[in-house]
file final-v5.txt (compact mmCIF, C-alpha atoms)
# COMPACT_ATOMS: atom_id res chain seq x y z
CA MET E 1 0.00 0.00 0.00
CA ASN E 2 1.19 3.52 -0.80
CA ALA E 3 1.33 6.07 2.01
CA ILE E 4 0.25 9.03 -0.13
CA GLU E 5 -1.49 9.20 -3.51
CA ILE E 6 -2.39 12.55 -5.07
CA PHE E 7 -4.35 12.76 -8.30
CA ASP E 8 -4.72 15.95 -10.38
CA LEU E 9 -4.80 18.14 -7.27
CA HIS E 10 -5.91 21.73 -7.83
CA PHE E 11 -6.37 24.26 -5.05
CA SER E 12 -7.22 27.93 -4.83
CA TYR E 13 -8.56 30.14 -2.08
CA PRO E 14 -11.82 31.97 -2.85
CA GLU E 15 -11.30 34.79 -5.35
CA CYS E 16 -7.56 34.02 -5.61
CA ASP E 17 -5.33 32.65 -8.35
CA GLU E 18 -4.82 28.89 -8.39
CA ILE E 19 -2.01 27.80 -6.04
CA LEU E 20 -1.80 24.09 -6.93
CA LYS E 21 -2.19 23.26 -10.60
CA GLY E 22 -2.74 19.59 -11.28
CA VAL E 23 -0.30 17.94 -8.86
CA ASN E 24 0.16 14.16 -9.17
CA LEU E 25 2.31 12.38 -6.61
CA THR E 26 2.67 8.88 -5.15
CA VAL E 27 4.79 8.22 -2.05
CA LYS E 28 5.57 4.67 -1.00
CA LYS E 29 5.08 3.62 2.59
CA GLY E 30 8.28 4.09 4.61
CA GLN E 31 9.89 6.47 2.10
CA PHE E 32 11.85 9.57 3.14
CA LEU E 33 10.95 12.32 0.68
CA SER E 34 12.03 15.95 0.64
CA LEU E 35 9.77 18.58 -0.91
CA VAL E 36 11.76 21.59 -2.09
CA GLY E 37 11.26 24.76 -4.10
CA GLN E 38 11.34 28.50 -3.64
CA ASN E 39 8.84 30.35 -1.45
CA GLY E 40 5.39 30.41 -3.03
CA SER E 41 5.96 27.24 -5.05
CA GLY E 42 3.13 25.41 -3.26
CA LYS E 43 5.04 23.11 -0.88
CA THR E 44 3.23 23.97 2.35
CA THR E 45 -0.14 24.23 0.60
CA LEU E 46 0.36 20.72 -0.75
CA ALA E 47 1.39 19.39 2.68
CA LYS E 48 -1.71 20.84 4.34
CA HIS E 49 -3.86 18.65 2.10
CA LEU E 50 -2.38 15.56 3.73
CA ASN E 51 -3.88 16.24 7.17
CA GLY E 52 -7.10 17.88 6.03
CA LEU E 53 -6.20 21.46 6.92
CA LEU E 54 -6.96 22.19 3.28
CA ARG E 55 -9.32 20.33 0.95
CA PRO E 56 -8.91 19.99 -2.83
CA THR E 57 -10.69 22.43 -5.09
CA ARG E 58 -10.44 19.64 -7.62
CA GLY E 59 -8.74 16.26 -7.59
CA LYS E 60 -8.18 13.63 -4.93
CA VAL E 61 -5.81 12.91 -2.03
CA LEU E 62 -5.53 9.40 -0.61
CA ILE E 63 -3.82 8.64 2.70
CA LEU E 64 -3.03 4.96 3.19
CA GLY E 65 -5.50 4.18 0.43
CA GLU E 66 -8.41 6.27 1.75
CA ASP E 67 -9.79 9.57 0.48
CA THR E 68 -9.09 12.45 2.89
CA LYS E 69 -12.56 13.86 2.15
CA LYS E 70 -14.03 11.05 4.26
CA PHE E 71 -12.21 12.12 7.42
CA SER E 72 -12.08 15.05 9.83
CA ILE E 73 -8.81 16.77 10.71
CA ALA E 74 -8.84 14.98 14.08
CA GLU E 75 -9.25 11.59 12.41
CA LEU E 76 -6.46 12.32 9.92
CA SER E 77 -4.14 13.36 12.78
CA LYS E 78 -4.05 9.70 13.83
CA LYS E 79 -2.43 8.89 10.48
CA VAL E 80 -0.56 12.08 9.57
CA GLY E 81 1.52 14.01 12.08
CA HIS E 82 2.42 17.57 11.06
CA LEU E 83 5.24 19.56 12.68
CA PHE E 84 4.92 23.23 11.76
CA GLN E 85 7.76 25.70 11.38
CA ASN E 86 6.99 27.69 14.55
CA PRO E 87 6.61 25.34 17.56
CA GLU E 88 4.95 28.02 19.69
CA ASN E 89 1.94 27.84 17.35
CA GLN E 90 1.43 24.26 18.58
CA ILE E 91 1.97 24.86 22.31
CA PHE E 92 -0.91 25.83 24.61
CA GLU E 93 -0.95 23.60 27.74
CA GLU E 94 0.41 24.45 31.20
CA THR E 95 2.92 21.60 31.50
CA VAL E 96 5.10 19.62 29.12
CA PHE E 97 3.33 16.41 30.15
CA ASN E 98 -0.13 17.80 29.44
CA GLU E 99 1.05 19.26 26.13
CA ILE E 100 2.12 15.83 24.91
CA ALA E 101 -0.90 14.11 26.45
CA PHE E 102 -3.42 16.42 24.76
CA GLY E 103 -3.69 14.41 21.53
CA PRO E 104 -4.03 10.95 23.13
CA ARG E 105 -6.63 12.33 25.55
CA ASN E 106 -8.64 13.61 22.59
CA LEU E 107 -8.58 10.04 21.30
CA GLN E 108 -10.05 9.05 24.68
CA LEU E 109 -7.35 6.47 25.29
CA PRO E 110 -7.16 4.86 28.77
CA GLU E 111 -5.19 7.03 31.18
CA ASP E 112 -2.58 4.34 31.85
CA GLU E 113 -1.89 4.08 28.10
CA ILE E 114 -1.64 7.88 27.86
CA VAL E 115 0.91 8.00 30.69
CA ALA E 116 2.92 5.16 29.13
CA ARG E 117 2.94 6.83 25.70
CA VAL E 118 3.91 10.24 27.09
CA ASP E 119 6.70 8.86 29.29
CA LYS E 120 8.09 6.92 26.34
CA VAL E 121 8.08 9.98 24.09
CA LEU E 122 9.56 12.19 26.84
CA LYS E 123 12.48 9.78 27.01
CA THR E 124 12.86 9.60 23.22
CA THR E 125 12.93 13.41 22.90
CA ARG E 126 15.13 13.85 26.00
CA LEU E 127 12.51 15.99 27.74
CA SER E 128 11.87 13.81 30.82
CA LYS E 129 13.39 16.33 33.23
CA TYR E 130 10.94 18.98 31.98
CA ARG E 131 7.87 16.76 32.56
CA ASP E 132 6.21 19.27 34.92
CA ALA E 133 7.73 22.46 33.49
CA HIS E 134 5.76 25.11 31.61
CA PRO E 135 6.38 24.68 27.86
CA LEU E 136 7.14 28.38 27.35
CA SER E 137 10.06 28.09 29.79
CA LEU E 138 11.91 25.83 27.33
CA SER E 139 14.59 26.91 24.88
CA GLY E 140 13.87 27.13 21.16
CA GLY E 141 15.33 23.71 20.46
CA GLU E 142 13.48 22.18 23.40
CA LYS E 143 10.19 23.69 22.22
CA GLN E 144 10.74 22.18 18.80
CA ARG E 145 11.40 18.77 20.39
CA LEU E 146 8.23 19.23 22.46
CA ALA E 147 6.19 20.03 19.36
CA LEU E 148 7.65 16.94 17.70
CA ALA E 149 6.88 14.86 20.80
CA SER E 150 3.24 16.02 20.66
CA VAL E 151 3.06 14.72 17.10
CA VAL E 152 4.99 11.49 17.65
CA VAL E 153 2.89 10.46 20.67
CA MET E 154 -0.06 10.02 18.29
CA GLU E 155 1.98 7.28 16.57
CA PRO E 156 1.26 8.52 13.02
CA GLU E 157 2.28 6.45 10.04
CA ILE E 158 3.16 9.60 8.06
CA LEU E 159 5.17 12.52 9.43
CA VAL E 160 5.26 15.93 7.73
CA LEU E 161 8.07 18.25 8.84
CA ASP E 162 7.76 21.87 7.67
CA GLU E 163 11.15 23.59 8.07
CA PRO E 164 11.85 21.75 11.35
CA THR E 165 15.35 23.16 11.88
CA THR E 166 14.81 26.85 11.08
CA GLY E 167 16.38 29.10 13.71
CA LEU E 168 17.90 26.23 15.71
CA ASP E 169 21.54 25.82 16.75
CA LEU E 170 23.57 22.84 15.56
CA LEU E 171 23.04 20.81 18.74
CA SER E 172 19.26 21.29 18.56
CA ILE E 173 19.22 20.36 14.88
CA GLN E 174 21.13 17.16 15.60
CA GLY E 175 18.65 16.29 18.35
CA ILE E 176 15.66 16.73 16.03
CA LEU E 177 17.30 14.72 13.25
CA GLU E 178 18.17 11.83 15.57
CA ILE E 179 14.48 11.50 16.47
CA VAL E 180 13.36 11.73 12.85
CA LYS E 181 15.92 9.13 11.71
CA GLU E 182 14.77 6.73 14.43
CA LEU E 183 11.14 7.15 13.37
CA HIS E 184 12.08 6.47 9.76
CA LYS E 185 13.81 3.26 10.81
CA ARG E 186 10.43 2.19 12.22
CA ASN E 187 8.94 2.52 8.71
CA VAL E 188 7.30 5.90 9.31
CA THR E 189 6.89 7.75 6.01
CA VAL E 190 8.61 11.15 6.27
CA LEU E 191 7.91 14.20 4.11
CA LEU E 192 10.43 16.97 4.78
CA ILE E 193 9.83 20.54 3.59
CA THR E 194 13.04 22.54 3.80
CA HIS E 195 15.30 25.11 2.17
CA ASP E 196 18.36 23.36 3.67
CA MET E 197 19.87 21.37 0.83
CA GLU E 198 22.46 19.82 3.17
CA LEU E 199 19.60 18.15 5.06
CA VAL E 200 18.01 17.07 1.81
CA SER E 201 21.19 15.47 0.51
CA GLU E 202 21.98 13.66 3.76
CA LEU E 203 18.52 12.34 4.67
CA SER E 204 16.39 11.90 1.57
CA GLU E 205 15.79 8.89 -0.63
CA ARG E 206 13.79 11.02 -3.03
CA VAL E 207 13.47 14.73 -3.80
CA VAL E 208 10.41 16.37 -5.34
CA VAL E 209 10.88 19.89 -6.68
CA MET E 210 7.95 22.29 -6.91
CA GLY E 211 7.61 25.45 -8.95
CA ASN E 212 4.59 27.65 -9.55
CA GLY E 213 2.16 25.14 -8.04
CA GLN E 214 3.40 22.15 -10.04
CA ILE E 215 5.95 19.36 -9.68
CA ILE E 216 8.85 20.22 -11.96
CA GLY E 217 11.38 17.62 -10.79
CA ASP E 218 11.36 14.20 -9.13
CA GLY E 219 14.31 11.90 -8.48
CA THR E 220 17.10 10.85 -6.15
CA PRO E 221 19.14 13.61 -4.48
CA LYS E 222 22.04 12.92 -6.84
CA GLU E 223 19.79 13.13 -9.91
CA ILE E 224 18.16 16.36 -8.77
CA PHE E 225 21.36 18.13 -7.71
CA ALA E 226 23.16 17.13 -10.91
CA ASN E 227 20.45 18.81 -13.01
CA ASP E 228 21.75 22.37 -13.36
CA GLU E 229 18.84 23.44 -15.56
CA LEU E 230 16.28 22.27 -12.99
CA LEU E 231 18.17 23.90 -10.10
CA ALA E 232 18.24 27.21 -11.95
CA ARG E 233 14.54 26.97 -12.78
CA ALA E 234 13.69 26.29 -9.12
CA SER E 235 16.23 28.82 -7.74
CA LEU E 236 17.98 26.10 -5.75
CA GLU E 237 21.65 25.74 -4.83
CA PRO E 238 23.23 22.27 -4.67
CA PRO E 239 24.63 21.21 -1.28
CA GLN E 240 28.22 22.10 -0.45
CA ILE E 241 29.33 18.47 -0.60
CA MET E 242 28.25 18.31 -4.24
CA LYS E 243 30.23 21.45 -5.04
CA PHE E 244 33.24 20.09 -3.14
CA SER E 245 33.24 16.78 -5.03
CA LYS E 246 33.25 18.73 -8.33
CA ILE E 247 36.18 20.86 -7.14
CA LEU E 248 38.09 17.65 -6.42
CA GLY E 249 37.36 16.49 -9.97
CA LEU E 250 35.27 13.55 -8.76
CA ASN E 251 31.87 12.41 -9.84
CA PRO E 252 29.27 14.37 -7.85
CA GLU E 253 28.30 12.88 -4.48
CA VAL E 254 25.57 14.03 -2.10
CA LYS E 255 26.48 12.04 1.01
CA VAL E 256 29.60 12.47 3.14
CA ASP E 257 30.36 8.76 3.48
CA ALA E 258 30.07 8.23 -0.29
CA LEU E 259 32.46 11.11 -1.03
CA TYR E 260 34.93 9.88 1.60
CA LYS E 261 34.91 6.41 0.03
CA ARG E 262 35.49 7.89 -3.44
CA ILE E 263 38.41 9.99 -2.16
CA ILE E 264 40.01 6.93 -0.55
CA GLU E 265 39.64 5.00 -3.81
CA THR E 266 41.59 7.69 -5.69
CA LEU E 267 44.56 7.65 -3.30

call {"tool": "encode", "arguments": {"input": "final-v5.txt", "output": "C-alpha cells"}}
result
Amino acid sequence: MNAIEIFDLHFSYPECDEILKGVNLTVKKGQFLSLVGQNGSGKTTLAKHLNGLLRPTRGKVLILGEDTKKFSIAELSKKVGHLFQNPENQIFEETVFNEIAFGPRNLQLPEDEIVARVDKVLKTTRLSKYRDAHPLSLSGGEKQRLALASVVVMEPEILVLDEPTTGLDLLSIQGILEIVKELHKRNVTVLLITHDMELVSELSERVVVMGNGQIIGDGTPKEIFANDELLARASLEPPQIMKFSKILGLNPEVKVDALYKRIIETL
C-alpha cells in the first residue's frame, strides 16, 4: 500500500489565483521524501492537504488508500503528524506532560496508556526532566522537540516536517534529526519541507521539486542536484558536498560517506 497518492490536485482560495495546478504524486510507505522549491511554489499548501487542513478544489488525495474527504482533521491526525515551522503555534498547555498528552486524551485512550505513551516519548525526545515544566520556559530547540513529541505520541504512520530546523543551533538540529531518523527506521513515512539542501542530501531517498504550483522535478538527491537546468529553474543551490566533489574532480556525491569512500579510492 502507498502512504500518499495525489491525483490531479488543484487548489485555490476563494477569489484568488490557483495555487496548486494539477499535482500528481505517489509516495511509497516508509519512504523519506524531501519537498523543495522557492517560497510560493506550493510546498506547504500541498502538505496541508495531507492532514485535512486544506481540501482539494479539484482532484483527490488518498492517505493509506483512503480519500481524505471522508475524514475530519482529528481523524487524519491519527495517520498524519504535522510539525509546523513555529513550535509556539502548537503549544498551549500548562505543563510539558499535558502538552504531549493532549492528543491521546482527545482520542479518549485509557489514562494508563496515555501515561505510558507520554513517558516513552519524553524519554525519546530527551525531555523527561521537563515533565512538569511550563512549555514556554523551554529553549527554542526544546520547544521544537516538544512540538515533535506532541506529534509522535499520536503514533502517526506519516510525518510531515515543515522547516523543522529553522532558527535552531547545531546541537538542537542534531537532536531533532536523531528523532526523525529513528522514526524512519520504524517505517514511518517522512515528508520533509526545507530550504536546507544539506539536510536534503543527507537524509532523503527522493526529492520532489515544486515550482509555480506544479511538480517540476522528481528523483534521487544525486539526480536532482546534478540537473543544473532544474536547479536554476527552481532557484535552488546544490549542497556544499556536491560542489566540493566537483572541485576535487570527482563524480558528484551528495552524502559524506560516499564522497569519503570515493576519495580513498583515488589515493

call {"tool": "atom_distance", "arguments": {"input": "final-v5.txt", "atom1": "atom CA of E:Thr124", "atom2": "atom CA of E:Ile73"}}
result
26.0 Å

call {"tool": "residues_near_point", "arguments": {"input": "final-v5.txt", "point": "(-4.7, 23.4, -6.3)", "cutoff": "12 Å", "atoms": "only C-alpha atoms", "output": "ChimeraX atom specification"}}
result
/E:6-14,16-24,41-49,54-61,212-215

call {"tool": "closest_residue", "arguments": {"input": "final-v5.txt", "among": "E:Gln31, E:Ser72, E:Asn106, E:Ser137", "to": "E:Ile91", "atoms": "all atoms listed in the file"}}
result
E:Ser137

call {"tool": "closest_residue", "arguments": {"input": "final-v5.txt", "among": "E:Gly40, E:Pro104, E:Pro164, E:Pro110", "to": "E:Pro87", "atoms": "only C-alpha atoms"}}
result
E:Pro164

call {"tool": "atom_distance", "arguments": {"input": "final-v5.txt", "atom1": "atom CA of E:Leu231", "atom2": "atom CA of E:Ser172"}}
result
28.8 Å

call {"tool": "closest_atom_pairs", "arguments": {"input": "final-v5.txt", "of": "stretch 15-47 of chain E", "to": "stretch 181-199 of chain E", "cutoff": "7 Å", "atoms": "all atoms listed in the file", "output": "JSON lines"}}
result
{"residue": "E:Lys29", "atom": "CA", "partner": "E:Thr189", "partner_atom": "CA", "distance": 5.7}
{"residue": "E:Gly30", "atom": "CA", "partner": "E:Thr189", "partner_atom": "CA", "distance": 4.2}
{"residue": "E:Gln31", "atom": "CA", "partner": "E:Thr189", "partner_atom": "CA", "distance": 5.1}
{"residue": "E:Phe32", "atom": "CA", "partner": "E:Val190", "partner_atom": "CA", "distance": 4.8}
{"residue": "E:Leu33", "atom": "CA", "partner": "E:Leu191", "partner_atom": "CA", "distance": 5.0}
{"residue": "E:Ser34", "atom": "CA", "partner": "E:Leu192", "partner_atom": "CA", "distance": 4.6}
{"residue": "E:Leu35", "atom": "CA", "partner": "E:Ile193", "partner_atom": "CA", "distance": 4.9}
{"residue": "E:Val36", "atom": "CA", "partner": "E:Ile193", "partner_atom": "CA", "distance": 6.1}

call {"tool": "atom_distance", "arguments": {"input": "final-v5.txt", "atom1": "atom CA of E:Arg117", "atom2": "atom CA of E:Glu66"}}
result
26.5 Å

call {"tool": "closest_residue", "arguments": {"input": "final-v5.txt", "among": "E:Ile158, E:Gly81, E:Leu127, E:Asp119", "to": "E:Ile4", "atoms": "all atoms listed in the file"}}
result
E:Ile158

call {"tool": "closest_residue", "arguments": {"input": "final-v5.txt", "among": "E:Ala234, E:Leu148, E:Ile224, E:Leu25", "to": "E:Asn86", "atoms": "only C-alpha atoms"}}
result
E:Leu148

call {"tool": "closest_residue", "arguments": {"input": "final-v5.txt", "among": "E:Ala149, E:Val209, E:Leu64, E:Leu53", "to": "E:Asn2", "atoms": "all atoms listed in the file"}}
result
E:Leu64

call {"tool": "residues_near_point", "arguments": {"input": "final-v5.txt", "point": "(24.3, 14.9, 2.5)", "cutoff": "10 Å", "atoms": "only C-alpha atoms", "output": "PyMOL selection string"}}
result
chain E and resi 197-204+221-222+239-242+253-259

call {"tool": "write_last_selection", "arguments": {"input": "final-v5.txt", "atoms": "C-alpha atoms", "output": "PDB file, in the frame of the given file"}}
result
ATOM      1  CA  MET E 197      19.870  21.370   0.830  1.00  0.00           C
ATOM      2  CA  GLU E 198      22.460  19.820   3.170  1.00  0.00           C
ATOM      3  CA  LEU E 199      19.600  18.150   5.060  1.00  0.00           C
ATOM      4  CA  VAL E 200      18.010  17.070   1.810  1.00  0.00           C
ATOM      5  CA  SER E 201      21.190  15.470   0.510  1.00  0.00           C
ATOM      6  CA  GLU E 202      21.980  13.660   3.760  1.00  0.00           C
ATOM      7  CA  LEU E 203      18.520  12.340   4.670  1.00  0.00           C
ATOM      8  CA  SER E 204      16.390  11.900   1.570  1.00  0.00           C
ATOM      9  CA  PRO E 221      19.140  13.610  -4.480  1.00  0.00           C
ATOM     10  CA  LYS E 222      22.040  12.920  -6.840  1.00  0.00           C
ATOM     11  CA  PRO E 239      24.630  21.210  -1.280  1.00  0.00           C
ATOM     12  CA  GLN E 240      28.220  22.100  -0.450  1.00  0.00           C
ATOM     13  CA  ILE E 241      29.330  18.470  -0.600  1.00  0.00           C
ATOM     14  CA  MET E 242      28.250  18.310  -4.240  1.00  0.00           C
ATOM     15  CA  GLU E 253      28.300  12.880  -4.480  1.00  0.00           C
ATOM     16  CA  VAL E 254      25.570  14.030  -2.100  1.00  0.00           C
ATOM     17  CA  LYS E 255      26.480  12.040   1.010  1.00  0.00           C
ATOM     18  CA  VAL E 256      29.600  12.470   3.140  1.00  0.00           C
ATOM     19  CA  ASP E 257      30.360   8.760   3.480  1.00  0.00           C
ATOM     20  CA  ALA E 258      30.070   8.230  -0.290  1.00  0.00           C
ATOM     21  CA  LEU E 259      32.460  11.110  -1.030  1.00  0.00           C
TER      22      LEU E 259
END

call {"tool": "closest_residue", "arguments": {"input": "final-v5.txt", "among": "E:Val207, E:Ile216, E:Leu168, E:Leu136", "to": "E:Glu99", "atoms": "all atoms listed in the file"}}
result
E:Leu136

call {"tool": "residues_around", "arguments": {"input": "final-v5.txt", "residues": "E:Ile63", "least_positions_apart": "6", "cutoff": "10 Å", "atoms": "only C-alpha atoms", "output": "count of residues only"}}
result
14

call {"tool": "decode", "arguments": {"input": "final-v5.txt", "residues": "stretch 200-217 of chain E", "atoms": "N, CA and C atoms", "output": "tab-separated table (two decimals), in the first residue's frame"}}
result
chain	number	residue	atom	x	y	z
E	200	VAL	N	18.61	17.84	2.91
E	200	VAL	CA	18.01	17.07	1.81
E	200	VAL	C	18.97	16.01	1.31
E	201	SER	N	20.21	16.40	1.08
E	201	SER	CA	21.19	15.47	0.51
E	201	SER	C	21.53	14.35	1.48
E	202	GLU	N	21.55	14.65	2.77
E	202	GLU	CA	21.98	13.66	3.76
E	202	GLU	C	20.86	12.69	4.14
E	203	LEU	N	19.61	13.14	4.12
E	203	LEU	CA	18.52	12.34	4.67
E	203	LEU	C	17.63	11.66	3.63
E	204	SER	N	17.47	12.29	2.47
E	204	SER	CA	16.39	11.90	1.57
E	204	SER	C	16.73	10.71	0.68
E	205	GLU	N	15.71	9.90	0.41
E	205	GLU	CA	15.79	8.89	-0.63
E	205	GLU	C	15.32	9.47	-1.95
E	206	ARG	N	14.44	10.46	-1.85
E	206	ARG	CA	13.79	11.02	-3.03
E	206	ARG	C	13.55	12.50	-2.81
E	207	VAL	N	13.69	13.28	-3.87
E	207	VAL	CA	13.47	14.73	-3.80
E	207	VAL	C	12.45	15.12	-4.86
E	208	VAL	N	11.42	15.84	-4.42
E	208	VAL	CA	10.41	16.37	-5.34
E	208	VAL	C	10.54	17.88	-5.35
E	209	VAL	N	10.68	18.45	-6.52
E	209	VAL	CA	10.88	19.89	-6.68
E	209	VAL	C	9.58	20.51	-7.18
E	210	MET	N	9.15	21.59	-6.49
E	210	MET	CA	7.95	22.29	-6.91
E	210	MET	C	8.28	23.67	-7.44
E	211	GLY	N	7.47	24.11	-8.40
E	211	GLY	CA	7.61	25.45	-8.95
E	211	GLY	C	6.28	25.91	-9.50
E	212	ASN	N	5.83	27.07	-9.06
E	212	ASN	CA	4.59	27.65	-9.55
E	212	ASN	C	3.40	26.69	-9.44
E	213	GLY	N	3.32	26.00	-8.30
E	213	GLY	CA	2.16	25.14	-8.04
E	213	GLY	C	2.17	23.80	-8.74
E	214	GLN	N	3.31	23.42	-9.32
E	214	GLN	CA	3.40	22.15	-10.04
E	214	GLN	C	4.69	21.43	-9.65
E	215	ILE	N	4.72	20.13	-9.87
E	215	ILE	CA	5.95	19.36	-9.68
E	215	ILE	C	6.78	19.49	-10.95
E	216	ILE	N	8.00	20.00	-10.79
E	216	ILE	CA	8.85	20.22	-11.96
E	216	ILE	C	10.09	19.32	-11.94
E	217	GLY	N	10.26	18.54	-10.87
E	217	GLY	CA	11.38	17.62	-10.79
E	217	GLY	C	11.10	16.54	-9.77
